[in-house]
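What follows is a short report on a single structure.
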Amino acid sequence: MTPDVGLASHGAEEAPRATAGRAPDVFSREGWVPMREHCRDEAVDFVIVGAGCGGSVLATKLAEAGHSVVLFDAGPFWRPLSDFASDEREQEKLYWLDERISGGDDPIEFGANNSGRGVGGSTTHFQMVSLRFRPEWFKSRSALGYAVDWPVDWKEMWHYYAEAERAMSISGPISYPWGPKRGRYPYRAHEVNEAGLVLARGAEALGVDWAPTPLATVSAPHGKSPPCVYRGMCKIGCSTNAKQSMLVTYIPRALAAGAEIRDLAMVGHIETGPDGRATGVEYHRDGGWHFQKARNVVVSAYSIETPRLLLNSACGRYPHGLANGNGQVGRHLMVHANHAVWAEFDREIRWYKGPPSMACCEHWNYDDDDPSRDFHGGYSFMSQGPLPSDFAGTLVGSTGAFGMDLRERMARYNRMAGLKIVGETMPQAENRVTLSDETDAFGLPRASVSFSYCDNDRRLYEHSQRFMTRMLEAAGGGNFLESASTAHLMGGCRMGHSPEDSVTDADGRSWEISNLWICDGSLMPTAGGVNPALTIVANAARIGDRMVRLAKRGEV
Amino acid sequence: MTRRGREDRPAPAATRRGRTGLGMLVLGLGLGLAGAAAAGRLARSRKHADIHDASLRRTRDGAAILGASVLMDSAMEHFRGGYENRVMYLGPTMAAASVAASLSEPRLHPGGSAARVAHGACLVTGIVGTGFHLWNITRRPGGLSWNNLFYAAPIGAPGALSIAGLLGLATEAMAVRQEDRRTTGRALAALSGLSLLGESAEVALLHFRGAFHNPAMYLPITVPPLAGIVLVALAVRPHAGGQRVTRLLLRIVGGLGVLGTAFHVYGVSRNMGGWSNWRQNALAGPPTPAPISFTGLGLAGLAALDLLDNARDRA
Amino acid sequence: MSDDFSDPYEGYDVLSKWDTPSFNDQTRRVLAARRTPPARRFFTQEEWRTLQALCDRAIPQPERAEPVPIAPWIDADLHADRGTGTRYATMPAARTAWRQGLAAIDAEALVRFGTPFADLAPERQDAILTAVDDESLADPYAWEGLPARRFLRDTALKTIVSIYYVHPQAMSEIGYGGPASPRGYLRLGGDRLDPWEAPQGHWPEDEDR
């Protein structure tokens, strides 16, 4: 637990807000909306663990279909208008700061780039890049010859992408240069800032396409969301509600449809009954442990916490953890390579203005035939706009600079521009989440994560750094600096075609326990070369519709 | 390296901050001029015995309203652009001249007058301005792309200044040619009708940028084009009838100008920080001076109708 | 390496926007709370001296009568055991890592120069930090179980810059816009500045051109 985080707004972090029949009104500074509450002793239809891209969407779908739903999140229930400050350090409260043990040859840095803690999940601090998977990626193995196929058809996903884009009022370009034709984005693309125009000029010089990035922040008013004011602090939380996070899109819908949300509620175990079926969850809230009965348990806690919870729920009948009879839980964890090239310009760019990634290039997600391509999979890259402390961390992390040299380099902050990839990594069984011997403040074993790039991953990011350096040079940059990091998490409990090599079926239902489901990014069999949030939302919407249909047939 | 005081520093070659002061001065002078002319206009008798004089006055009022809209809008938009290029002062300056010229009394005999020169200059400035805006659009990455049409210099805006100039010139011609009311009426109907279509096209582009997030945003791209088409039709076939419907449509168009202004004022208040963040929102939100231009064009259209009706009555 | 900072945005101060729409109440609260650094509670006096010397070398501020405080916030974080989300398997927990790292830096100084790190001349302190970053250590035993470069870069320097560059004085010196809510920015193109941004900066080499 992190008691001193968030000096300015202890309100949300000290005690649960969603209680006594009401939940915070996220569009107000201190208001409330009514919330239906459920009795702990009476089994609800669905308990969902985690209120991010997976859980929020699923809770909405199920509640709107009339099911009783309790949605848990370990973190606070924010009101962005009054809780989010313009301050990088203060806003670290949005990240999952509880320690994970990170090993392997290329250990992952957790926190800002890959996990959120709070209702809305990491969408409260994601950078809103909302790209669709390339259709062939759903058949990576059979169509492109690497990794595995998804148990889902791309056309079905395409339908749900459109639904997700409507729900999140994505602001995107009229015509998108890559992939099959898609419908019009609900909102028009934003004006591209100077940092994005650097990418544009470089792309035009090299003869590749570029596009204004489809972003989950509105370019015109939408409901109670005002249009984006281009304050550039998306990564530390949007204090205007222009960002279409789960917190301001699906969560209000879920509440209105009768779902109950329990914030600051850490789920520690999933209980199973004598018949082997899940019976509910044990969770810590308001200083004590409680039990919520449920007919179905859905784990939507993302690629680290979902496997951790399943493994932590081991019992006599399931000694290796739930849904883990085949040992697949926690395996095939993926990240996105997040390598970047930074360049200095002889004029000011002022990349702090506007969302960080206003222009994007998916050339290497779609071009299969270029002779320079020496890797499987793909990568997209976006223009960048890191905030000062974030960029200073990149500088010292990749150069070890200190002293006046460091201050002088940082004094060129306004003249920098950069390109950063979202690079697909291959699913590898040994990249995985296990439990460590150490316990956290709740007495729960901490997650231990092992991650190593494979040769293909390395070829991919090396290719990207060569290409992006060329592009920045073509745009007039110099004094290049390369940096390496990762972003996002995918996999860890993948869905698949058969119980042998996956944890769930295409509906997110675990092969082993019929009323235990998973619905989040950990289901993803492959990572793709785009930011995963939109795919997770679309997949959750698909699963939600499936579960409602199955329930109508009495199969839930 | 030694520390240098601020005074030791070489002056920057060019500041890239907006030239706030001069822009404000131009706007202030323009508003002052417009205000003085408007006051003079109000001081004069509003009664016109003759329908021709009334139409003439109405058209000039319409041109003045349109000019005032262009004055405010271009002053604000060019302020956003920091008056980076000196010619950007031309837009609001000429718009101010247009307002003044439209509010002055037209001369009744042919020959040069300051007002005629001003109207002509506005026409030319609008055309040149369109060229400048097109250049601004196409020099950005993406060229003539939707994104640049949305966010670079607005392609249709300088055209409004040309229209104001044309309307002004039309009234000057009307003042000289008292007799041929049908021809005058037809010409004015064509001009105001085509202008309504042009303005609607500009609105369509910008409201499309705003994703028609409010259904009311469809109003200015439905009623005014309809009125514009009917006006053009009347110009082509003045005897075809339908005056009554046209008159109603034009009155609605005039009302839409006022309603649109109210909507835009409300729209600015919906942006983060509302009007208390006016330095950002007055420019980032919907342009408050823009919608009233429909009222100006509506007046010109009504004047054309009056002339046509009158010509028929007298025939 | 010069030890003078050439401020490209001299005279610009993000705090001058305190009463404008660029600041909201919660941001004012956060920045007001940062004015009073907390008292030392975690480190020992000896560790504290080394930590302060390390912060001074990482971010030297010779031009300031009152340097931006950094060490007290590191101490406060560790006192609260505030996590970062990550603990590298090759690294001990944050509290242990900091204690061992500071002691090892001091040990390196003693072995090389016979003087504690805090008492060394700046050039010698730089030499120690460079050696730590290169992992060419005179006293490798002090670093057992603690990868030197990872400690210096990922634990020490990253924490130090994450504290320094959220301070208004640091935002001002790099020409960053600072707090921006409810008012953000209007002019996104490179050829335009909003009136509430820092005026164009001046760098030493600009004068050579």
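Residue numbering restarts at 1 in every chain; chains get A, B, ... in the order shown in the structure tokens, and ligands count up from 1 in that same order.
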Within 8 Å of B:His207 using only C-alpha atoms, minus same-chain residues under 4 positions, as a VMD selection string:
chain B and resid 203 211 to 212 217 to 218
DSSP on the backbone, strand (DSSP E or B) only: what residues of stretch 180-218 of chain A does that give? Format it as a ChimeraX atom specification.
/A:187-188,211-212,215,217
Could you list, as a list in words, the residues of chain C having an atom within 8 Å of chain B when counting only C-alpha atoms?
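Selected residues: Ser2, Asp4, Phe5, Ser6, Glu10, Gly11, Pro21, Pro182, Arg183, Gly184, Tyr185, Leu186, Arg187, Asp191, Arg192, Leu193, Asp194, Pro195, Pro199, Gln200 and Glu207 of chain C.
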Determine, counting only C-alpha atoms, which protein, DNA and RNA residues have an atom within 7 Å of an atom of C:Gly101; residues of the same chain fewer than 4 positions away are not included. Present the result as an NGL selection string.
:C and (97 or 105 or 151)
Using only N, CA and C atoms, please write the residues we just selected to a file, as a PDB file, in the first residue's frame.
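Wrote result_13.pdb, looks like this:
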```
ATOM      1  N   ALA C  97      18.102  -0.891  -1.207  1.00  0.00           N
ATOM      2  CA  ALA C  97      18.925  -0.455  -2.341  1.00  0.00           C
ATOM      3  C   ALA C  97      19.522   0.925  -2.068  1.00  0.00           C
ATOM      4  N   ILE C 105      28.676   4.134  -2.661  1.00  0.00           N
ATOM      5  CA  ILE C 105      29.266   5.334  -3.268  1.00  0.00           C
ATOM      6  C   ILE C 105      30.301   5.930  -2.318  1.00  0.00           C
ATOM      7  N   PHE C 151      21.461   0.798 -10.200  1.00  0.00           N
ATOM      8  CA  PHE C 151      21.149   1.630  -9.040  1.00  0.00           C
ATOM      9  C   PHE C 151      21.298   3.105  -9.399  1.00  0.00           C
TER      10      PHE C 151
END
```
Residues near B:Pro291, anyone? I mean within 10 Å using only C-alpha atoms, not counting same-chain ones fewer than 4 positions away, as a PyMOL selection string.
chain B and resi 66+69+199+203+220+254+256-264+286-287+295-296
What does the file look like for those residues with N, CA, C and O atoms, as a PDB file, in the first residue's frame?
```pdb
ATOM      1  N   LEU B  66     -22.687  41.997 -42.508  1.00  0.00           N
ATOM      2  CA  LEU B  66     -21.735  41.014 -43.008  1.00  0.00           C
ATOM      3  C   LEU B  66     -20.311  41.508 -42.788  1.00  0.00           C
ATOM      4  O   LEU B  66     -19.437  40.771 -42.306  1.00  0.00           O
ATOM      5  N   SER B  69     -19.317  41.248 -39.197  1.00  0.00           N
ATOM      6  CA  SER B  69     -19.022  39.853 -38.861  1.00  0.00           C
ATOM      7  C   SER B  69     -17.614  39.480 -39.322  1.00  0.00           C
ATOM      8  O   SER B  69     -16.838  38.882 -38.579  1.00  0.00           O
ATOM      9  N   GLU B 199     -21.769  30.686 -48.091  1.00  0.00           N
ATOM     10  CA  GLU B 199     -21.634  30.717 -46.633  1.00  0.00           C
ATOM     11  C   GLU B 199     -22.012  29.370 -46.020  1.00  0.00           C
ATOM     12  O   GLU B 199     -21.375  28.898 -45.087  1.00  0.00           O
ATOM     13  N   VAL B 203     -19.941  26.871 -43.537  1.00  0.00           N
ATOM     14  CA  VAL B 203     -20.498  26.369 -42.277  1.00  0.00           C
ATOM     15  C   VAL B 203     -20.515  24.847 -42.277  1.00  0.00           C
ATOM     16  O   VAL B 203     -20.200  24.206 -41.271  1.00  0.00           O
ATOM     17  N   PRO B 220     -28.068  25.681 -40.001  1.00  0.00           N
ATOM     18  CA  PRO B 220     -27.491  26.611 -40.982  1.00  0.00           C
ATOM     19  C   PRO B 220     -27.029  25.946 -42.279  1.00  0.00           C
ATOM     20  O   PRO B 220     -26.600  26.652 -43.193  1.00  0.00           O
ATOM     21  N   GLY B 254     -32.467  35.144 -41.395  1.00  0.00           N
ATOM     22  CA  GLY B 254     -32.079  36.279 -40.566  1.00  0.00           C
ATOM     23  C   GLY B 254     -32.126  35.925 -39.091  1.00  0.00           C
ATOM     24  O   GLY B 254     -31.220  36.262 -38.326  1.00  0.00           O
ATOM     25  N   LEU B 256     -31.845  32.945 -37.849  1.00  0.00           N
ATOM     26  CA  LEU B 256     -30.800  31.955 -37.559  1.00  0.00           C
ATOM     27  C   LEU B 256     -29.488  32.642 -37.207  1.00  0.00           C
ATOM     28  O   LEU B 256     -28.710  32.137 -36.383  1.00  0.00           O
ATOM     29  N   GLY B 257     -29.239  33.793 -37.846  1.00  0.00           N
ATOM     30  CA  GLY B 257     -28.011  34.525 -37.537  1.00  0.00           C
ATOM     31  C   GLY B 257     -27.947  34.881 -36.066  1.00  0.00           C
ATOM     32  O   GLY B 257     -26.912  34.721 -35.411  1.00  0.00           O
ATOM     33  N   VAL B 258     -29.089  35.325 -35.538  1.00  0.00           N
ATOM     34  CA  VAL B 258     -29.150  35.696 -34.118  1.00  0.00           C
ATOM     35  C   VAL B 258     -29.095  34.443 -33.246  1.00  0.00           C
ATOM     36  O   VAL B 258     -28.322  34.350 -32.281  1.00  0.00           O
ATOM     37  N   LEU B 259     -29.898  33.450 -33.624  1.00  0.00           N
ATOM     38  CA  LEU B 259     -29.919  32.203 -32.855  1.00  0.00           C
ATOM     39  C   LEU B 259     -28.535  31.562 -32.850  1.00  0.00           C
ATOM     40  O   LEU B 259     -28.044  31.081 -31.814  1.00  0.00           O
ATOM     41  N   GLY B 260     -27.886  31.562 -34.010  1.00  0.00           N
ATOM     42  CA  GLY B 260     -26.548  30.965 -34.123  1.00  0.00           C
ATOM     43  C   GLY B 260     -25.552  31.655 -33.207  1.00  0.00           C
ATOM     44  O   GLY B 260     -24.724  30.997 -32.576  1.00  0.00           O
ATOM     45  N   THR B 261     -25.655  32.985 -33.136  1.00  0.00           N
ATOM     46  CA  THR B 261     -24.762  33.709 -32.241  1.00  0.00           C
ATOM     47  C   THR B 261     -24.962  33.234 -30.804  1.00  0.00           C
ATOM     48  O   THR B 261     -23.997  32.977 -30.076  1.00  0.00           O
ATOM     49  N   ALA B 262     -26.237  33.100 -30.432  1.00  0.00           N
ATOM     50  CA  ALA B 262     -26.533  32.631 -29.070  1.00  0.00           C
ATOM     51  C   ALA B 262     -25.949  31.230 -28.858  1.00  0.00           C
ATOM     52  O   ALA B 262     -25.319  30.950 -27.832  1.00  0.00           O
ATOM     53  N   PHE B 263     -26.130  30.356 -29.853  1.00  0.00           N
ATOM     54  CA  PHE B 263     -25.580  28.996 -29.740  1.00  0.00           C
ATOM     55  C   PHE B 263     -24.060  29.029 -29.604  1.00  0.00           C
ATOM     56  O   PHE B 263     -23.474  28.287 -28.822  1.00  0.00           O
ATOM     57  N   HIS B 264     -23.429  29.905 -30.376  1.00  0.00           N
ATOM     58  CA  HIS B 264     -21.968  29.945 -30.324  1.00  0.00           C
ATOM     59  C   HIS B 264     -21.477  30.494 -28.987  1.00  0.00           C
ATOM     60  O   HIS B 264     -20.476  30.029 -28.455  1.00  0.00           O
ATOM     61  N   PRO B 286     -16.610  27.716 -30.859  1.00  0.00           N
ATOM     62  CA  PRO B 286     -17.259  28.194 -32.086  1.00  0.00           C
ATOM     63  C   PRO B 286     -17.103  29.709 -32.204  1.00  0.00           C
ATOM     64  O   PRO B 286     -17.196  30.413 -31.203  1.00  0.00           O
ATOM     65  N   PRO B 287     -16.880  30.237 -33.414  1.00  0.00           N
ATOM     66  CA  PRO B 287     -16.641  31.666 -33.591  1.00  0.00           C
ATOM     67  C   PRO B 287     -17.926  32.464 -33.362  1.00  0.00           C
ATOM     68  O   PRO B 287     -18.874  32.342 -34.137  1.00  0.00           O
ATOM     69  N   THR B 295     -27.649  36.874 -41.060  1.00  0.00           N
ATOM     70  CA  THR B 295     -28.640  37.943 -40.943  1.00  0.00           C
ATOM     71  C   THR B 295     -28.399  38.992 -42.027  1.00  0.00           C
ATOM     72  O   THR B 295     -29.343  39.486 -42.662  1.00  0.00           O
ATOM     73  N   GLY B 296     -27.114  39.310 -42.231  1.00  0.00           N
ATOM     74  CA  GLY B 296     -26.772  40.286 -43.265  1.00  0.00           C
ATOM     75  C   GLY B 296     -27.216  39.823 -44.633  1.00  0.00           C
ATOM     76  O   GLY B 296     -27.841  40.574 -45.395  1.00  0.00           O
TER      77      GLY B 296
END
```
Per DSSP on the backbone, what are the alpha helix (DSSP H) residues of stretch 91-187 of chain A, as number ranges by chain?
A: 154-167
Sorted by chain and rising residue number, list the residues of chain C at most 6 Å from chain A (counting only C-alpha atoms), each with its closest atom pair and distance in Å to one decimal, as a tab-separated table.
```
residue	atom	partner	partner_atom	distance
C:Asp3	CA	A:Met404	CA	5.9
C:Gln26	CA	A:Ala85	CA	5.4
C:Thr27	CA	A:Ala85	CA	4.6
C:Val30	CA	A:Ala8	CA	5.5
C:Arg57	CA	A:Gly403	CA	5.4
C:Ala58	CA	A:Gly403	CA	4.6
C:Ile59	CA	A:Gly403	CA	5.1
C:Pro60	CA	A:Gly403	CA	5.8
C:Arg82	CA	A:Thr2	CA	5.1
C:Gly83	CA	A:Leu97	CA	5.1
C:Thr84	CA	A:Leu97	CA	4.8
C:Gly85	CA	A:Leu97	CA	3.7
C:Thr86	CA	A:Glu99	CA	5.0
C:Arg87	CA	A:Ile101	CA	4.8
C:Tyr88	CA	A:Ser102	CA	4.6
C:Ala89	CA	A:Gly103	CA	4.8
C:Arg153	CA	A:Gly397	CA	5.4
C:Lys158	CA	A:Gly393	CA	5.0
C:Ser162	CA	A:Ser389	CA	4.8
C:Tyr165	CA	A:Ser389	CA	4.9
C:Ile174	CA	A:Ala411	CA	4.4
C:Pro179	CA	A:Ser86	CA	4.9
C:Ala180	CA	A:Arg231	CA	5.5
C:Gly184	CA	A:Arg231	CA	4.1
C:Tyr185	CA	A:Tyr230	CA	5.5
C:Leu188	CA	A:Asn193	CA	4.7
C:Gly189	CA	A:Glu194	CA	4.9
C:Gly190	CA	A:Glu194	CA	5.1
```
Do a neighbour search on A:Glu555 at 12 Å with only C-alpha atoms, toss out local chain neighbours closer than 2 positions, and write the hits as a PyMOL selection string.
chain A and resi 296+507+509+514-515+546-553
Selected residues written out with N, CA, C and O atoms, as a PDB file, in the first residue's frame:
```
ATOM      1  N   ASN A 296     -21.246 -16.223 -11.009  1.00  0.00           N
ATOM      2  CA  ASN A 296     -20.128 -16.243 -11.963  1.00  0.00           C
ATOM      3  C   ASN A 296     -19.058 -15.272 -11.491  1.00  0.00           C
ATOM      4  O   ASN A 296     -19.389 -14.200 -10.956  1.00  0.00           O
ATOM      5  N   ASP A 507     -15.002 -17.179 -25.718  1.00  0.00           N
ATOM      6  CA  ASP A 507     -15.920 -16.352 -24.932  1.00  0.00           C
ATOM      7  C   ASP A 507     -15.281 -15.869 -23.636  1.00  0.00           C
ATOM      8  O   ASP A 507     -15.948 -15.224 -22.829  1.00  0.00           O
ATOM      9  N   ARG A 509     -14.462 -17.874 -21.306  1.00  0.00           N
ATOM     10  CA  ARG A 509     -14.822 -18.837 -20.263  1.00  0.00           C
ATOM     11  C   ARG A 509     -13.655 -19.804 -20.060  1.00  0.00           C
ATOM     12  O   ARG A 509     -13.145 -20.373 -21.028  1.00  0.00           O
ATOM     13  N   SER A 514     -16.514 -23.719 -15.370  1.00  0.00           N
ATOM     14  CA  SER A 514     -17.435 -23.148 -16.352  1.00  0.00           C
ATOM     15  C   SER A 514     -18.010 -21.801 -15.916  1.00  0.00           C
ATOM     16  O   SER A 514     -18.524 -21.059 -16.733  1.00  0.00           O
ATOM     17  N   ASN A 515     -17.966 -21.484 -14.627  1.00  0.00           N
ATOM     18  CA  ASN A 515     -18.482 -20.173 -14.232  1.00  0.00           C
ATOM     19  C   ASN A 515     -17.354 -19.226 -13.820  1.00  0.00           C
ATOM     20  O   ASN A 515     -17.563 -18.261 -13.093  1.00  0.00           O
ATOM     21  N   ARG A 546     -21.721 -12.051 -26.134  1.00  0.00           N
ATOM     22  CA  ARG A 546     -21.745 -13.519 -26.111  1.00  0.00           C
ATOM     23  C   ARG A 546     -22.321 -14.032 -24.788  1.00  0.00           C
ATOM     24  O   ARG A 546     -23.158 -14.932 -24.767  1.00  0.00           O
ATOM     25  N   MET A 547     -21.865 -13.429 -23.684  1.00  0.00           N
ATOM     26  CA  MET A 547     -22.319 -13.904 -22.374  1.00  0.00           C
ATOM     27  C   MET A 547     -23.818 -13.666 -22.205  1.00  0.00           C
ATOM     28  O   MET A 547     -24.528 -14.509 -21.642  1.00  0.00           O
ATOM     29  N   VAL A 548     -24.285 -12.531 -22.699  1.00  0.00           N
ATOM     30  CA  VAL A 548     -25.717 -12.247 -22.587  1.00  0.00           C
ATOM     31  C   VAL A 548     -26.512 -13.288 -23.386  1.00  0.00           C
ATOM     32  O   VAL A 548     -27.529 -13.818 -22.920  1.00  0.00           O
ATOM     33  N   ARG A 549     -26.011 -13.612 -24.587  1.00  0.00           N
ATOM     34  CA  ARG A 549     -26.698 -14.623 -25.400  1.00  0.00           C
ATOM     35  C   ARG A 549     -26.667 -15.993 -24.733  1.00  0.00           C
ATOM     36  O   ARG A 549     -27.665 -16.697 -24.691  1.00  0.00           O
ATOM     37  N   LEU A 550     -25.496 -16.334 -24.185  1.00  0.00           N
ATOM     38  CA  LEU A 550     -25.380 -17.629 -23.512  1.00  0.00           C
ATOM     39  C   LEU A 550     -26.319 -17.686 -22.308  1.00  0.00           C
ATOM     40  O   LEU A 550     -26.945 -18.714 -22.040  1.00  0.00           O
ATOM     41  N   ALA A 551     -26.411 -16.567 -21.588  1.00  0.00           N
ATOM     42  CA  ALA A 551     -27.276 -16.535 -20.403  1.00  0.00           C
ATOM     43  C   ALA A 551     -28.728 -16.738 -20.803  1.00  0.00           C
ATOM     44  O   ALA A 551     -29.489 -17.421 -20.108  1.00  0.00           O
ATOM     45  N   LYS A 552     -29.111 -16.144 -21.935  1.00  0.00           N
ATOM     46  CA  LYS A 552     -30.500 -16.309 -22.395  1.00  0.00           C
ATOM     47  C   LYS A 552     -30.793 -17.767 -22.706  1.00  0.00           C
ATOM     48  O   LYS A 552     -31.914 -18.231 -22.563  1.00  0.00           O
ATOM     49  N   ARG A 553     -29.761 -18.469 -23.167  1.00  0.00           N
ATOM     50  CA  ARG A 553     -29.944 -19.889 -23.475  1.00  0.00           C
ATOM     51  C   ARG A 553     -29.734 -20.760 -22.244  1.00  0.00           C
ATOM     52  O   ARG A 553     -29.719 -21.984 -22.344  1.00  0.00           O
TER      53      ARG A 553
END
```
Each chain B residue no farther than 8 Å from chain A, nearest pair in Å, only C-alpha atoms, as a tab-separated table:
```
residue	atom	partner	partner_atom	distance
B:Pro141	CA	A:Arg201	CA	6.0
B:Gly142	CA	A:Ala200	CA	7.7
B:Trp146	CA	A:Ile174	CA	7.2
B:Asn147	CA	A:Glu191	CA	6.6
B:Asn148	CA	A:Glu191	CA	8.0
B:Phe150	CA	A:Glu191	CA	7.9
B:Tyr151	CA	A:Glu191	CA	5.9
B:Phe208	CA	A:Arg188	CA	7.8
B:Arg209	CA	A:Arg188	CA	5.7
B:Gly210	CA	A:Ala220	CA	5.3
B:Ala211	CA	A:Tyr187	CA	5.4
B:His213	CA	A:His222	CA	6.7
B:Arg270	CA	A:Pro226	CA	6.2
B:Asn271	CA	A:Pro226	CA	5.0
B:Met272	CA	A:Pro226	CA	5.8
```
I'd like the contact shell of B:Gly185 - 6 Å cut-off, only C-alpha atoms, skipping same-chain residues fewer than 5 positions apart - returned as number ranges by chain.
B: 304, 307-308
Generate a file of the selected residues that holds N, CA and C atoms, formatted as a CSV table (one decimal), in the first residue's frame.
```csv
chain,number,residue,atom,x,y,z
B,304,ALA,N,-33.8,42.2,-52.2
B,304,ALA,CA,-34.0,41.8,-53.6
B,304,ALA,C,-35.5,41.4,-53.9
B,307,LEU,N,-37.6,44.5,-54.2
B,307,LEU,CA,-37.4,45.1,-55.5
B,307,LEU,C,-38.2,44.4,-56.6
B,308,LEU,N,-38.1,43.0,-56.5
B,308,LEU,CA,-38.8,42.2,-57.5
B,308,LEU,C,-40.3,42.4,-57.4
```
List the neighbours of B:Leu234 out to 8 Å using only C-alpha atoms; skip same-chain residues closer than 6 positions along the sequence, and give me the result as a count of residues only.
5
Stretch 414-471 of chain A near stretch 303-309 of chain A within 8 Å: what's each residue's closest atom pair and its distance in Å to one decimal, counting only C-alpha atoms, ordered by chain then ascending residue number, as a Markdown table?
```
| residue | atom | partner | partner_atom | distance |
| --- | --- | --- | --- | --- |
| A:Val433 | CA | A:Ile304 | CA | 6.5 |
| A:Thr434 | CA | A:Arg308 | CA | 7.0 |
| A:Leu435 | CA | A:Arg308 | CA | 6.7 |
| A:Arg446 | CA | A:Arg308 | CA | 7.8 |
| A:Ala447 | CA | A:Arg308 | CA | 6.0 |
| A:Val449 | CA | A:Ile304 | CA | 7.9 |
```
Keeping all heavy atoms, export the residues of the selection given above as a PDB file, in the first residue's frame.
```pdb
ATOM      1  N   VAL A 433       4.080 -14.902 -15.615  1.00  0.00           N
ATOM      2  CA  VAL A 433       3.810 -14.414 -14.265  1.00  0.00           C
ATOM      3  C   VAL A 433       3.729 -15.614 -13.333  1.00  0.00           C
ATOM      4  O   VAL A 433       3.019 -16.581 -13.623  1.00  0.00           O
ATOM      5  CB  VAL A 433       2.459 -13.663 -14.219  1.00  0.00           C
ATOM      6  CG1 VAL A 433       2.184 -13.139 -12.814  1.00  0.00           C
ATOM      7  CG2 VAL A 433       2.422 -12.539 -15.241  1.00  0.00           C
ATOM      8  N   THR A 434       4.479 -15.551 -12.247  1.00  0.00           N
ATOM      9  CA  THR A 434       4.364 -16.583 -11.203  1.00  0.00           C
ATOM     10  C   THR A 434       4.193 -15.864  -9.869  1.00  0.00           C
ATOM     11  O   THR A 434       4.155 -14.640  -9.819  1.00  0.00           O
ATOM     12  CB  THR A 434       5.609 -17.487 -11.164  1.00  0.00           C
ATOM     13  OG1 THR A 434       6.764 -16.645 -11.055  1.00  0.00           O
ATOM     14  CG2 THR A 434       5.730 -18.344 -12.407  1.00  0.00           C
ATOM     15  N   LEU A 435       4.119 -16.644  -8.802  1.00  0.00           N
ATOM     16  CA  LEU A 435       4.005 -16.021  -7.484  1.00  0.00           C
ATOM     17  C   LEU A 435       5.362 -16.053  -6.794  1.00  0.00           C
ATOM     18  O   LEU A 435       6.104 -17.019  -6.903  1.00  0.00           O
ATOM     19  CB  LEU A 435       2.992 -16.776  -6.625  1.00  0.00           C
ATOM     20  CG  LEU A 435       1.549 -16.754  -7.140  1.00  0.00           C
ATOM     21  CD1 LEU A 435       0.651 -17.539  -6.188  1.00  0.00           C
ATOM     22  CD2 LEU A 435       1.049 -15.328  -7.287  1.00  0.00           C
ATOM     23  N   ARG A 446       3.275 -11.644  -3.814  1.00  0.00           N
ATOM     24  CA  ARG A 446       3.508 -10.696  -4.898  1.00  0.00           C
ATOM     25  C   ARG A 446       3.697 -11.445  -6.219  1.00  0.00           C
ATOM     26  O   ARG A 446       4.127 -12.592  -6.230  1.00  0.00           O
ATOM     27  CB  ARG A 446       4.784  -9.896  -4.637  1.00  0.00           C
ATOM     28  CG  ARG A 446       4.673  -8.880  -3.540  1.00  0.00           C
ATOM     29  CD  ARG A 446       5.920  -8.002  -3.514  1.00  0.00           C
ATOM     30  NE  ARG A 446       5.958  -7.151  -2.331  1.00  0.00           N
ATOM     31  CZ  ARG A 446       5.269  -6.020  -2.213  1.00  0.00           C
ATOM     32  NH1 ARG A 446       4.488  -5.619  -3.187  1.00  0.00           N
ATOM     33  NH2 ARG A 446       5.353  -5.306  -1.111  1.00  0.00           N
ATOM     34  N   ALA A 447       3.397 -10.730  -7.299  1.00  0.00           N
ATOM     35  CA  ALA A 447       3.634 -11.303  -8.614  1.00  0.00           C
ATOM     36  C   ALA A 447       5.126 -11.239  -8.928  1.00  0.00           C
ATOM     37  O   ALA A 447       5.798 -10.264  -8.588  1.00  0.00           O
ATOM     38  CB  ALA A 447       2.850 -10.540  -9.670  1.00  0.00           C
ATOM     39  N   VAL A 449       7.524 -11.593 -12.277  1.00  0.00           N
ATOM     40  CA  VAL A 449       7.367 -11.580 -13.728  1.00  0.00           C
ATOM     41  C   VAL A 449       8.717 -11.812 -14.385  1.00  0.00           C
ATOM     42  O   VAL A 449       9.725 -11.230 -13.981  1.00  0.00           O
ATOM     43  CB  VAL A 449       6.799 -10.218 -14.201  1.00  0.00           C
ATOM     44  CG1 VAL A 449       6.604 -10.218 -15.708  1.00  0.00           C
ATOM     45  CG2 VAL A 449       5.501  -9.914 -13.487  1.00  0.00           C
TER      46      VAL A 449
END
```
Using only C-alpha atoms, find the one residue out of B:Phe294, B:Leu123, B:Leu149, B:Ala175 that sits nearest to B:Gly228.
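Between B:Phe294, B:Leu123, B:Leu149, B:Ala175, the residue approaching B:Gly228 most closely is B:Phe294.
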